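Please read the structure below before turning to the comments.
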Amino acid sequence: MSSGTTLGARGRPAPPGTATLGTDQDPQVARIARSPEFQQLVSERTRFAWTLTVLMLIVYFGFIGLIAFDKSLLAVKVGGTASLGLFVGVFVILFAFLLTGIYVARANTRFDALSDALKRSFGR
């Protein structure tokens, strides 16, 4: 069977994503994975994603913590009938959109530039 599928234990095609790492790997893919440009791209993207994730978790769980431990602060009326909790809740949602926008901006500039450099170095 030379169709490029990985065979499972009983000779049937294995489900996608279940192949053992290192087996039947394309040499070009292995070469790209070892390249410094690819390592830099993966490292920067991972570090940036984790930074944004931690920021979002701090804001979200900070809001949940306020709900759990200081309800009276969130119940303070601001601007007539709206409470501070409403504004903080809207801030959490808008903060998530802001972080998404920041990630998209970075992906469209820095990460795309690194990806293009990687493609050029491997002739694609």
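Every chain in the structure tokens takes a letter, A first, then B, and so on in the order presented; its residues are numbered from 1, and the ligands are numbered from 1 following the presented order.
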
field: All helix (DSSP H, G or I) residues (DSSP, backbone) inside region 64-118 of chain A, as a ChimeraX atom specification
entry: /A:64-69,71-74,84-118

Those same residues - C-alpha atoms - I'd like them written as a PDB file, in the first residue's frame.
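And here's result_7.pdb as it stands now:
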```pdb
ATOM      1  CA  ILE A  64     -14.404  35.948  39.025  1.00  0.00           C
ATOM      2  CA  GLY A  65     -12.473  36.612  42.253  1.00  0.00           C
ATOM      3  CA  LEU A  66     -14.220  39.960  42.647  1.00  0.00           C
ATOM      4  CA  ILE A  67     -17.562  38.261  42.146  1.00  0.00           C
ATOM      5  CA  ALA A  68     -16.697  35.643  44.760  1.00  0.00           C
ATOM      6  CA  PHE A  69     -15.012  37.801  47.387  1.00  0.00           C
ATOM      7  CA  LYS A  71     -19.711  41.540  45.694  1.00  0.00           C
ATOM      8  CA  SER A  72     -20.316  44.840  47.427  1.00  0.00           C
ATOM      9  CA  LEU A  73     -17.642  46.552  45.307  1.00  0.00           C
ATOM     10  CA  LEU A  74     -19.236  45.309  42.099  1.00  0.00           C
ATOM     11  CA  LEU A  84     -19.525  48.717  38.550  1.00  0.00           C
ATOM     12  CA  GLY A  85     -19.882  44.967  37.920  1.00  0.00           C
ATOM     13  CA  LEU A  86     -21.522  45.646  34.575  1.00  0.00           C
ATOM     14  CA  PHE A  87     -18.650  47.856  33.455  1.00  0.00           C
ATOM     15  CA  VAL A  88     -16.029  45.398  34.677  1.00  0.00           C
ATOM     16  CA  GLY A  89     -17.826  42.551  32.879  1.00  0.00           C
ATOM     17  CA  VAL A  90     -17.920  44.526  29.631  1.00  0.00           C
ATOM     18  CA  PHE A  91     -14.224  45.340  30.133  1.00  0.00           C
ATOM     19  CA  VAL A  92     -13.407  41.607  30.353  1.00  0.00           C
ATOM     20  CA  ILE A  93     -15.180  40.991  27.043  1.00  0.00           C
ATOM     21  CA  LEU A  94     -13.551  43.966  25.330  1.00  0.00           C
ATOM     22  CA  PHE A  95     -10.156  42.923  26.711  1.00  0.00           C
ATOM     23  CA  ALA A  96     -10.571  39.521  25.026  1.00  0.00           C
ATOM     24  CA  PHE A  97     -11.293  41.263  21.706  1.00  0.00           C
ATOM     25  CA  LEU A  98      -8.295  43.545  22.227  1.00  0.00           C
ATOM     26  CA  LEU A  99      -5.974  40.592  22.839  1.00  0.00           C
ATOM     27  CA  THR A 100      -7.338  38.898  19.723  1.00  0.00           C
ATOM     28  CA  GLY A 101      -6.601  42.038  17.710  1.00  0.00           C
ATOM     29  CA  ILE A 102      -3.089  42.236  19.147  1.00  0.00           C
ATOM     30  CA  TYR A 103      -2.438  38.608  18.204  1.00  0.00           C
ATOM     31  CA  VAL A 104      -3.772  39.115  14.674  1.00  0.00           C
ATOM     32  CA  ALA A 105      -1.613  42.213  14.223  1.00  0.00           C
ATOM     33  CA  ARG A 106       1.494  40.328  15.391  1.00  0.00           C
ATOM     34  CA  ALA A 107       0.625  37.306  13.232  1.00  0.00           C
ATOM     35  CA  ASN A 108       0.159  39.482  10.152  1.00  0.00           C
ATOM     36  CA  THR A 109       3.462  41.274  10.660  1.00  0.00           C
ATOM     37  CA  ARG A 110       6.160  39.433  12.613  1.00  0.00           C
ATOM     38  CA  PHE A 111       4.989  35.831  12.269  1.00  0.00           C
ATOM     39  CA  ASP A 112       4.193  36.173   8.567  1.00  0.00           C
ATOM     40  CA  ALA A 113       7.627  37.738   7.996  1.00  0.00           C
ATOM     41  CA  LEU A 114       9.309  34.823   9.778  1.00  0.00           C
ATOM     42  CA  SER A 115       7.188  32.360   7.823  1.00  0.00           C
ATOM     43  CA  ASP A 116       8.070  34.054   4.516  1.00  0.00           C
ATOM     44  CA  ALA A 117      11.780  33.966   5.398  1.00  0.00           C
ATOM     45  CA  LEU A 118      11.456  30.269   6.168  1.00  0.00           C
TER      46      LEU A 118
END
```
